[in-house]
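Text of run_0.cif, listed as mmCIF, C-alpha atoms:
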data_upload
loop_
_atom_site.group_PDB
_atom_site.id
_atom_site.type_symbol
_atom_site.label_atom_id
_atom_site.label_comp_id
_atom_site.auth_asym_id
_atom_site.auth_seq_id
_atom_site.Cartn_x
_atom_site.Cartn_y
_atom_site.Cartn_z
ATOM 1 C CA MET A 95 110.297 -222.787 5.477
ATOM 2 C CA SER A 96 107.124 -220.959 6.448
ATOM 3 C CA VAL A 97 104.815 -222.289 9.160
ATOM 4 C CA HIS A 98 101.997 -222.505 6.594
ATOM 5 C CA LEU A 99 104.090 -224.682 4.272
ATOM 6 C CA ALA A 100 105.214 -226.905 7.154
ATOM 7 C CA ASN A 101 101.586 -227.466 8.209
ATOM 8 C CA LEU A 102 100.151 -227.817 4.707
ATOM 9 C CA ASN A 103 99.077 -231.446 5.291
ATOM 10 C CA ALA A 104 98.464 -231.278 9.044
ATOM 11 C CA ASP A 105 94.805 -232.322 8.667
ATOM 12 C CA ASN A 106 95.508 -235.161 6.240
ATOM 13 C CA ILE A 107 94.925 -238.278 8.387
ATOM 14 C CA ARG A 108 95.801 -240.689 5.571
ATOM 15 C CA LEU A 109 99.141 -238.958 5.074
ATOM 16 C CA MET A 110 99.800 -239.083 8.832
ATOM 17 C CA SER A 111 99.081 -242.816 8.724
ATOM 18 C CA ALA A 112 101.566 -243.169 5.849
ATOM 19 C CA MET A 113 104.213 -241.351 7.907
ATOM 20 C CA LEU A 114 103.572 -243.769 10.782
ATOM 21 C CA CYS A 115 104.197 -246.579 8.312
ATOM 22 C CA ALA A 116 107.504 -245.017 7.295
ATOM 23 C CA ALA A 117 108.533 -244.559 10.930
ATOM 24 C CA LEU A 118 107.435 -247.942 12.279
ATOM 25 C CA TYR A 119 108.276 -250.317 9.416
ATOM 26 C CA PRO A 120 109.044 -253.301 9.732
ATOM 27 C CA ASN A 121 106.621 -253.457 12.698
ATOM 28 C CA VAL A 122 103.761 -254.690 10.519
ATOM 29 C CA VAL A 123 100.867 -256.972 11.390
ATOM 30 C CA GLN A 124 98.571 -258.747 8.952
ATOM 31 C CA VAL A 125 94.930 -258.771 9.991
ATOM 32 C CA ARG A 126 93.221 -262.008 9.016
ATOM 33 C CA SER A 127 89.454 -262.324 9.148
ATOM 34 C CA PRO A 128 87.693 -265.665 9.552
ATOM 35 C CA GLN A 129 85.664 -267.129 6.710
ATOM 36 C CA GLY A 130 82.515 -265.068 6.235
ATOM 37 C CA ASN A 131 79.413 -265.849 8.224
ATOM 38 C CA TYR A 132 76.098 -264.933 6.671
ATOM 39 C CA LYS A 133 72.743 -264.093 8.175
ATOM 40 C CA MET A 134 69.426 -264.302 6.366
ATOM 41 C CA THR A 135 67.518 -261.031 6.225
ATOM 42 C CA SER A 136 64.449 -259.868 4.355
ATOM 43 C CA LYS A 137 66.807 -258.690 1.587
ATOM 44 C CA GLY A 138 68.688 -261.983 1.358
ATOM 45 C CA ALA A 139 71.924 -263.268 2.877
ATOM 46 C CA MET A 140 74.083 -260.537 4.434
ATOM 47 C CA LYS A 141 77.728 -261.024 5.367
ATOM 48 C CA MET A 142 78.279 -260.540 9.088
ATOM 49 C CA GLN A 143 81.269 -258.701 10.497
ATOM 50 C CA PRO A 144 83.421 -260.948 12.660
ATOM 51 C CA LYS A 145 83.712 -260.325 16.377
ATOM 52 C CA ALA A 146 86.909 -258.560 17.405
ATOM 53 C CA SER A 147 88.034 -261.745 19.156
ATOM 54 C CA GLU A 148 87.721 -263.699 15.877
ATOM 55 C CA LEU A 149 90.307 -261.580 14.025
ATOM 56 C CA ARG A 150 93.835 -262.988 13.857
ATOM 57 C CA TYR A 151 96.918 -260.786 13.874
ATOM 58 C CA MET A 152 100.117 -262.168 12.366
ATOM 59 C CA THR A 153 103.669 -260.823 12.330
ATOM 60 C CA LYS A 154 106.336 -262.102 9.996
ATOM 61 C CA ASP A 155 108.647 -263.255 12.786
ATOM 62 C CA ASP A 156 106.356 -264.155 15.715
ATOM 63 C CA GLY A 157 103.311 -265.551 13.977
ATOM 64 C CA CYS A 158 100.103 -264.951 15.910
ATOM 65 C CA VAL A 159 100.034 -261.922 18.224
ATOM 66 C CA HIS A 160 97.198 -260.148 20.015
ATOM 67 C CA VAL A 161 96.085 -256.542 20.311
ATOM 68 C CA HIS A 162 96.617 -255.450 23.901
ATOM 69 C CA PRO A 163 93.379 -254.920 25.863
ATOM 70 C CA SER A 164 94.428 -251.308 26.619
ATOM 71 C CA SER A 165 94.644 -250.514 22.889
ATOM 72 C CA VAL A 166 91.920 -248.440 21.260
ATOM 73 C CA ASN A 167 91.884 -251.118 18.533
ATOM 74 C CA TYR A 168 91.128 -253.968 20.948
ATOM 75 C CA THR A 169 87.411 -254.018 20.092
ATOM 76 C CA VAL A 170 87.706 -253.141 16.384
ATOM 77 C CA ARG A 171 85.842 -255.647 14.208
ATOM 78 C CA HIS A 172 86.797 -254.439 10.726
ATOM 79 C CA TYR A 173 89.760 -252.690 9.146
ATOM 80 C CA ASN A 174 89.652 -251.182 5.647
ATOM 81 C CA SER A 175 93.171 -252.492 5.088
ATOM 82 C CA PRO A 176 94.551 -255.861 6.171
ATOM 83 C CA TYR A 177 97.676 -254.285 7.674
ATOM 84 C CA LEU A 178 98.511 -252.487 10.913
ATOM 85 C CA VAL A 179 101.772 -250.945 12.064
ATOM 86 C CA TYR A 180 102.631 -250.991 15.750
ATOM 87 C CA HIS A 181 105.070 -249.267 18.048
ATOM 88 C CA GLU A 182 105.518 -251.797 20.803
ATOM 89 C CA LYS A 183 105.369 -255.569 21.159
ATOM 90 C CA VAL A 184 105.409 -257.111 24.634
ATOM 91 C CA LYS A 185 105.331 -260.674 25.871
ATOM 92 C CA THR A 186 103.460 -261.496 29.046
ATOM 93 C CA SER A 187 101.023 -264.419 29.018
ATOM 94 C CA ARG A 188 101.174 -264.095 25.212
ATOM 95 C CA ILE A 189 102.603 -261.651 22.674
ATOM 96 C CA PHE A 190 100.723 -258.346 22.525
ATOM 97 C CA ILE A 191 101.055 -255.320 20.265
ATOM 98 C CA ARG A 192 100.294 -251.833 21.510
ATOM 99 C CA ASP A 193 100.041 -248.455 19.869
ATOM 100 C CA CYS A 194 98.850 -249.862 16.557
ATOM 101 C CA SER A 195 97.297 -248.086 13.587
ATOM 102 C CA MET A 196 95.803 -249.324 10.347
ATOM 103 C CA VAL A 197 97.885 -248.530 7.303
ATOM 104 C CA SER A 198 96.914 -248.775 3.660
ATOM 105 C CA VAL A 199 98.857 -250.853 1.186
ATOM 106 C CA TYR A 200 100.347 -248.032 -0.889
ATOM 107 C CA PRO A 201 102.271 -246.510 2.056
ATOM 108 C CA LEU A 202 103.647 -249.991 2.774
ATOM 109 C CA VAL A 203 104.894 -250.270 -0.805
ATOM 110 C CA LEU A 204 106.288 -246.730 -0.872
ATOM 111 C CA PHE A 205 107.861 -246.612 2.588
ATOM 112 C CA GLY A 206 108.419 -250.264 3.481
ATOM 113 C CA GLY A 207 111.716 -252.018 3.180
ATOM 114 C CA GLY A 208 113.079 -254.297 0.536
ATOM 115 C CA GLN A 209 112.462 -254.637 -3.152
ATOM 116 C CA VAL A 210 109.053 -254.194 -4.728
ATOM 117 C CA HIS A 211 108.021 -257.088 -6.942
ATOM 118 C CA MET A 212 105.169 -257.434 -9.370
ATOM 119 C CA GLU A 213 103.713 -260.618 -10.813
ATOM 120 C CA LEU A 214 100.647 -261.838 -12.622
ATOM 121 C CA HIS A 215 98.825 -264.317 -10.373
ATOM 122 C CA LYS A 216 95.494 -265.866 -11.366
ATOM 123 C CA GLY A 217 94.698 -262.942 -13.643
ATOM 124 C CA GLU A 218 95.545 -260.245 -11.070
ATOM 125 C CA PHE A 219 98.627 -258.055 -10.910
ATOM 126 C CA VAL A 220 100.076 -258.604 -7.448
ATOM 127 C CA ILE A 221 102.523 -256.196 -5.847
ATOM 128 C CA SER A 222 104.644 -257.694 -3.096
ATOM 129 C CA LEU A 223 107.519 -256.769 -0.843
ATOM 130 C CA ASP A 224 109.293 -258.134 2.173
ATOM 131 C CA ASP A 225 109.870 -261.484 0.439
ATOM 132 C CA GLY A 226 106.175 -261.769 -0.456
ATOM 133 C CA TRP A 227 104.908 -261.451 3.107
ATOM 134 C CA ILE A 228 103.155 -258.198 2.204
ATOM 135 C CA ARG A 229 101.165 -258.549 -1.005
ATOM 136 C CA PHE A 230 98.085 -257.116 -2.611
ATOM 137 C CA ALA A 231 96.326 -257.019 -5.950
ATOM 138 C CA ALA A 232 96.667 -253.775 -7.906
ATOM 139 C CA ALA A 233 93.701 -252.358 -9.808
ATOM 140 C CA SER A 234 95.518 -252.945 -13.105
ATOM 141 C CA HIS A 235 98.921 -253.653 -14.639
ATOM 142 C CA GLN A 236 99.330 -249.922 -15.267
ATOM 143 C CA VAL A 237 98.645 -249.056 -11.613
ATOM 144 C CA ALA A 238 101.119 -251.723 -10.459
ATOM 145 C CA GLU A 239 103.829 -250.362 -12.784
ATOM 146 C CA LEU A 240 103.176 -246.766 -11.725
ATOM 147 C CA VAL A 241 103.412 -247.602 -8.019
ATOM 148 C CA LYS A 242 106.599 -249.595 -8.551
ATOM 149 C CA ASP A 243 108.088 -246.706 -10.574
ATOM 150 C CA LEU A 244 107.052 -244.166 -7.939
ATOM 151 C CA ARG A 245 108.804 -246.207 -5.254
ATOM 152 C CA TRP A 246 111.955 -246.309 -7.424
ATOM 153 C CA GLU A 247 111.785 -242.528 -7.937
ATOM 154 C CA LEU A 248 111.377 -241.980 -4.183
ATOM 155 C CA ASP A 249 114.385 -244.199 -3.446
ATOM 156 C CA GLN A 250 116.473 -242.237 -5.983
ATOM 157 C CA LEU A 251 115.307 -238.923 -4.501
ATOM 158 C CA LEU A 252 116.280 -240.033 -1.006
ATOM 159 C CA GLU A 253 119.706 -241.161 -2.245
ATOM 160 C CA ASP A 254 120.160 -237.720 -3.865
ATOM 161 C CA LYS A 255 119.210 -236.045 -0.581
ATOM 162 C CA ILE A 256 121.711 -238.174 1.336
ATOM 163 C CA ARG A 257 124.450 -237.222 -1.126
ATOM 164 C CA ASN A 258 123.435 -233.546 -0.977
ATOM 165 C CA PRO A 259 121.868 -232.798 2.435
ATOM 166 C CA SER A 260 121.369 -229.101 1.621
ATOM 167 C CA MET A 261 119.059 -229.955 -1.295
ATOM 168 C CA ASP A 262 115.566 -228.547 -0.701
ATOM 169 C CA LEU A 263 113.166 -231.257 -1.858
ATOM 170 C CA CYS A 264 110.208 -228.873 -1.966
ATOM 171 C CA SER A 265 111.872 -226.323 -4.231
ATOM 172 C CA CYS A 266 113.582 -228.686 -6.662
ATOM 173 C CA PRO A 267 111.149 -229.510 -9.506
ATOM 174 C CA ARG A 268 111.760 -233.268 -9.503
ATOM 175 C CA GLY A 269 111.532 -233.559 -5.711
ATOM 176 C CA SER A 270 108.372 -231.495 -5.399
ATOM 177 C CA ARG A 271 106.723 -233.456 -8.232
ATOM 178 C CA ILE A 272 107.505 -236.818 -6.590
ATOM 179 C CA ILE A 273 106.360 -235.609 -3.168
ATOM 180 C CA HIS A 274 103.153 -234.205 -4.664
ATOM 181 C CA MET A 275 102.411 -237.532 -6.407
ATOM 182 C CA ILE A 276 102.984 -239.484 -3.189
ATOM 183 C CA VAL A 277 100.798 -237.128 -1.142
ATOM 184 C CA HIS A 278 98.064 -237.386 -3.784
ATOM 185 C CA LEU A 279 98.263 -241.199 -3.960
ATOM 186 C CA VAL A 280 98.109 -241.843 -0.231
ATOM 187 C CA SER A 281 95.476 -239.139 0.311
ATOM 188 C CA THR A 282 93.035 -240.398 -2.312
ATOM 189 C CA GLN A 283 93.304 -244.194 -2.229
#

Let me see whether you can do it: turn the structure in this file into structure tokens.
Amino acid sequence: MSVHLANLNADNIRLMSAMLCAALYPNVVQVRSPQGNYKMTSKGAMKMQPKASELRYMTKDDGCVHVHPSSVNYTVRHYNSPYLVYHEKVKTSRIFIRDCSMVSVYPLVLFGGGQVHMELHKGEFVISLDDGWIRFAAASHQVAELVKDLRWELDQLLEDKIRNPSMDLCSCPRGSRIIHMIVHLVSTQ
């Protein structure tokens, strides 16, 4: 493999975040914001961002955890996605996570563990995994089906690679097509 091909996506931060998700799963934290506070301005009521200390971080097994004060995310007040992945969890006076990064929902669905489920809930198509602990509304039924199918295709491709380790995923048409779709999805969401 050429150096150029190996570094093709080196500047793609969203793809790097997706790879962190694949590497660190199931170390996932839900970020929960408090109910919105509003402030009156000359243009009307504006929603205020919560203080960093008002955010709540939940893990599936430990419940409430805290971002370690040495983390670069300690003072973050808003995340574009309600999920973080973390490398380390330590317990001192309370449970802290360190080395955490925000991750979007599609990498969680594509690279997370367990079965992907889809259901209609209050008029929205909800994709869930990890026994419903991770869940989000898809833009449409078609998007939900496509993401679920892409995850199935990725799982099949990985099983094929395990059965045939010498298979070059980039040169086989099916493998390169699936990889290209995944790179496009996580890069443009």

Q. Nearest to Ile221 of chain A: which of A:Phe205, A:Trp246, A:Tyr132, A:Tyr200 is it, counting all atoms listed in the file?
A.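 Closest to Ile221 of chain A, using all atoms listed in the file: A:Tyr200.
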
Q: Determine the residue membership of the PyMOL selection byres ((chain A and resi 241) around 10) for the file above and supply it as a VMD selection string.
A: chain A and resid 200 203 to 204 210 221 232 236 to 240 242 to 247 276 279

Output the selection as a PDB file, in the frame of the given file - C-alpha atoms for each residue.
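Printed below is selection_18.pdb as written:
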ATOM      1  CA  TYR A 200     100.347-248.032  -0.889  1.00  0.00           C
ATOM      2  CA  VAL A 203     104.894-250.270  -0.805  1.00  0.00           C
ATOM      3  CA  LEU A 204     106.288-246.730  -0.872  1.00  0.00           C
ATOM      4  CA  VAL A 210     109.053-254.194  -4.728  1.00  0.00           C
ATOM      5  CA  ILE A 221     102.523-256.196  -5.847  1.00  0.00           C
ATOM      6  CA  ALA A 232      96.667-253.775  -7.906  1.00  0.00           C
ATOM      7  CA  GLN A 236      99.330-249.922 -15.267  1.00  0.00           C
ATOM      8  CA  VAL A 237      98.645-249.056 -11.613  1.00  0.00           C
ATOM      9  CA  ALA A 238     101.119-251.723 -10.459  1.00  0.00           C
ATOM     10  CA  GLU A 239     103.829-250.362 -12.784  1.00  0.00           C
ATOM     11  CA  LEU A 240     103.176-246.766 -11.725  1.00  0.00           C
ATOM     12  CA  LYS A 242     106.599-249.595  -8.551  1.00  0.00           C
ATOM     13  CA  ASP A 243     108.088-246.706 -10.574  1.00  0.00           C
ATOM     14  CA  LEU A 244     107.052-244.166  -7.939  1.00  0.00           C
ATOM     15  CA  ARG A 245     108.804-246.207  -5.254  1.00  0.00           C
ATOM     16  CA  TRP A 246     111.955-246.309  -7.424  1.00  0.00           C
ATOM     17  CA  GLU A 247     111.785-242.528  -7.937  1.00  0.00           C
ATOM     18  CA  ILE A 276     102.984-239.484  -3.189  1.00  0.00           C
ATOM     19  CA  LEU A 279      98.263-241.199  -3.960  1.00  0.00           C
TER      20      LEU A 279
END

Q: Specify as a ChimeraX atom specification each residue included when the PyMOL selection byres ((chain A and resi 211) around 9) is applied to this file.
A: /A:209-210,212-213,220-223,225-226,242

(Q) Under the PyMOL selection byres ((chain A and resi 121) around 6), which residues of this model are included? Write them out as a list in words. (A)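 Answer for the PyMOL selection byres ((chain A and resi 121) around 6): Leu118, Tyr119, Pro120, Val122, Val179 and Tyr180 of chain A.
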
Residues of the last selection are to be written out with C-alpha atoms, as a tab-separated table (two decimals), in the coordinates of the input.
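Full text of result-v5.tsv as output:
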chain	number	residue	atom	x	y	z
A	118	LEU	CA	107.44	-247.94	12.28
A	119	TYR	CA	108.28	-250.32	9.42
A	120	PRO	CA	109.04	-253.30	9.73
A	122	VAL	CA	103.76	-254.69	10.52
A	179	VAL	CA	101.77	-250.94	12.06
A	180	TYR	CA	102.63	-250.99	15.75

Could you give me the axis-aligned bounding box of segment 255-261 of chain A, with 4 Å of padding per side, as centre plus edge lengths in Å to one decimal, as AutoDock Vina command-line options?
--center_x 121.8 --center_y -233.6 --center_z 0.6 --size_x 13.4 --size_y 17.1 --size_z 11.7

Q: Skip segment 108-112 of chain A itself and residues of its chain fewer than 2 positions away, then list as a list in words all residues within 7 Å of it, counting all atoms listed in the file.
A: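 Contacts, with the query itself left out: Asn106, Leu114, Cys115, Ala116, Val197, Pro201, Val277, Val280 and Ser281 of chain A.
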
Q: May I ask which of the residues A:Met275, A:Met196, A:Cys158, A:Val97 is the closest one to Lys183 of chain A, counting all atoms listed in the file?
A: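 Distance minimum relative to Lys183 of chain A lands on A:Cys158.
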
Q) Neighbours of Ser127 of chain A within 9 Å (all atoms listed in the file; same-chain residues fewer than 5 positions away dropped), as a list of chain:residue names? A) A:Pro144, A:Glu148, A:Leu149, A:Arg150, A:Tyr151, A:His172, A:Pro176

Q) With distances taken over all atoms listed in the file, which of A:Ile256, A:Leu99, A:Leu202, A:Ile191 is nearest to Val166 of chain A? A) A:Ile191

**Q.** Of the listed residues A:Gly206, A:Met261, A:Arg271, A:Asn131, that which approaches Asp249 of chain A most closely, counting only C-alpha atoms
**A.** A:Gly206

Q. To one decimal place, how far is atom CA of Ile107 of chain A from atom CA of His235 of chain A in Å?
A.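 Straight-line distance from atom CA of Ile107 of chain A to atom CA of His235 of chain A works out to 28.0 Å.
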
Q: One decimal, Å: what's the distance from atom CA of Gln283 of chain A over to atom CA of Arg192 of chain A, could you say?
A: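 These atoms are spaced 25.9 Å apart.
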
Q) Any idea what the distance is between atom CA of Leu102 of chain A and atom CA of Gly269 of chain A? A)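 Atom CA of Gly269 of chain A lies 16.5 Å from atom CA of Leu102 of chain A.
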
As a short mmCIF file (atom, residue, chain, number, x, y, z; two decimals), in the coordinates of the input, the rebuilt segment 199-210 of chain A with all heavy atoms:
data_model
loop_
_atom_site.label_atom_id
_atom_site.label_comp_id
_atom_site.auth_asym_id
_atom_site.auth_seq_id
_atom_site.Cartn_x
_atom_site.Cartn_y
_atom_site.Cartn_z
N VAL A 199 97.81 -250.11 1.87
CA VAL A 199 98.86 -250.85 1.19
C VAL A 199 99.85 -249.96 0.44
O VAL A 199 101.04 -250.28 0.39
CB VAL A 199 98.27 -251.92 0.24
CG1 VAL A 199 97.60 -253.02 1.04
CG2 VAL A 199 97.29 -251.32 -0.74
N TYR A 200 99.40 -248.86 -0.14
CA TYR A 200 100.35 -248.03 -0.89
C TYR A 200 101.45 -247.44 -0.01
O TYR A 200 102.62 -247.45 -0.41
CB TYR A 200 99.64 -246.95 -1.68
CG TYR A 200 98.87 -247.51 -2.86
CD1 TYR A 200 97.52 -247.25 -3.04
CD2 TYR A 200 99.49 -248.35 -3.78
CE1 TYR A 200 96.82 -247.79 -4.12
CE2 TYR A 200 98.81 -248.89 -4.85
CZ TYR A 200 97.47 -248.60 -5.02
OH TYR A 200 96.79 -249.14 -6.07
N PRO A 201 101.16 -246.94 1.19
CA PRO A 201 102.27 -246.51 2.06
C PRO A 201 103.25 -247.64 2.38
O PRO A 201 104.46 -247.41 2.47
CB PRO A 201 101.56 -246.01 3.32
CG PRO A 201 100.24 -245.54 2.82
CD PRO A 201 99.87 -246.52 1.75
N LEU A 202 102.74 -248.86 2.54
CA LEU A 202 103.65 -249.99 2.77
C LEU A 202 104.59 -250.18 1.60
O LEU A 202 105.79 -250.41 1.78
CB LEU A 202 102.86 -251.28 3.01
CG LEU A 202 102.26 -251.45 4.39
CD1 LEU A 202 101.28 -252.61 4.41
CD2 LEU A 202 103.35 -251.65 5.43
N VAL A 203 104.06 -250.09 0.38
CA VAL A 203 104.89 -250.27 -0.80
C VAL A 203 105.88 -249.11 -0.94
O VAL A 203 107.05 -249.32 -1.25
CB VAL A 203 104.03 -250.39 -2.08
CG1 VAL A 203 104.89 -250.38 -3.32
CG2 VAL A 203 103.20 -251.67 -2.03
N LEU A 204 105.42 -247.89 -0.69
CA LEU A 204 106.29 -246.73 -0.87
C LEU A 204 107.34 -246.59 0.22
O LEU A 204 108.46 -246.19 -0.05
CB LEU A 204 105.44 -245.45 -0.95
CG LEU A 204 104.55 -245.33 -2.17
CD1 LEU A 204 103.60 -244.16 -2.02
CD2 LEU A 204 105.39 -245.20 -3.43
N PHE A 205 106.98 -246.90 1.46
CA PHE A 205 107.86 -246.61 2.59
C PHE A 205 108.39 -247.85 3.30
O PHE A 205 109.16 -247.74 4.23
CB PHE A 205 107.15 -245.71 3.61
CG PHE A 205 106.62 -244.45 3.01
CD1 PHE A 205 105.29 -244.13 3.10
CD2 PHE A 205 107.45 -243.57 2.34
CE1 PHE A 205 104.78 -242.96 2.56
CE2 PHE A 205 106.97 -242.40 1.79
CZ PHE A 205 105.63 -242.10 1.90
N GLY A 206 107.95 -249.03 2.87
CA GLY A 206 108.42 -250.26 3.48
C GLY A 206 109.80 -250.63 2.96
O GLY A 206 110.31 -250.04 2.02
N GLY A 207 110.38 -251.62 3.57
CA GLY A 207 111.72 -252.02 3.18
C GLY A 207 111.72 -253.04 2.06
O GLY A 207 110.70 -253.59 1.68
N GLY A 208 112.90 -253.25 1.54
CA GLY A 208 113.08 -254.30 0.54
C GLY A 208 112.63 -253.90 -0.85
O GLY A 208 112.16 -252.81 -1.09
N GLN A 209 112.81 -254.84 -1.75
CA GLN A 209 112.46 -254.64 -3.15
C GLN A 209 110.97 -254.81 -3.38
O GLN A 209 110.34 -255.64 -2.73
CB GLN A 209 113.21 -255.64 -4.02
CG GLN A 209 114.71 -255.45 -4.03
CD GLN A 209 115.09 -254.18 -4.74
OE1 GLN A 209 115.40 -253.19 -4.11
NE2 GLN A 209 115.06 -254.21 -6.04
N VAL A 210 110.45 -254.05 -4.32
CA VAL A 210 109.05 -254.19 -4.73
C VAL A 210 109.02 -255.13 -5.93
O VAL A 210 109.78 -254.95 -6.88
CB VAL A 210 108.45 -252.82 -5.10
CG1 VAL A 210 107.02 -252.99 -5.62
CG2 VAL A 210 108.48 -251.89 -3.91
#
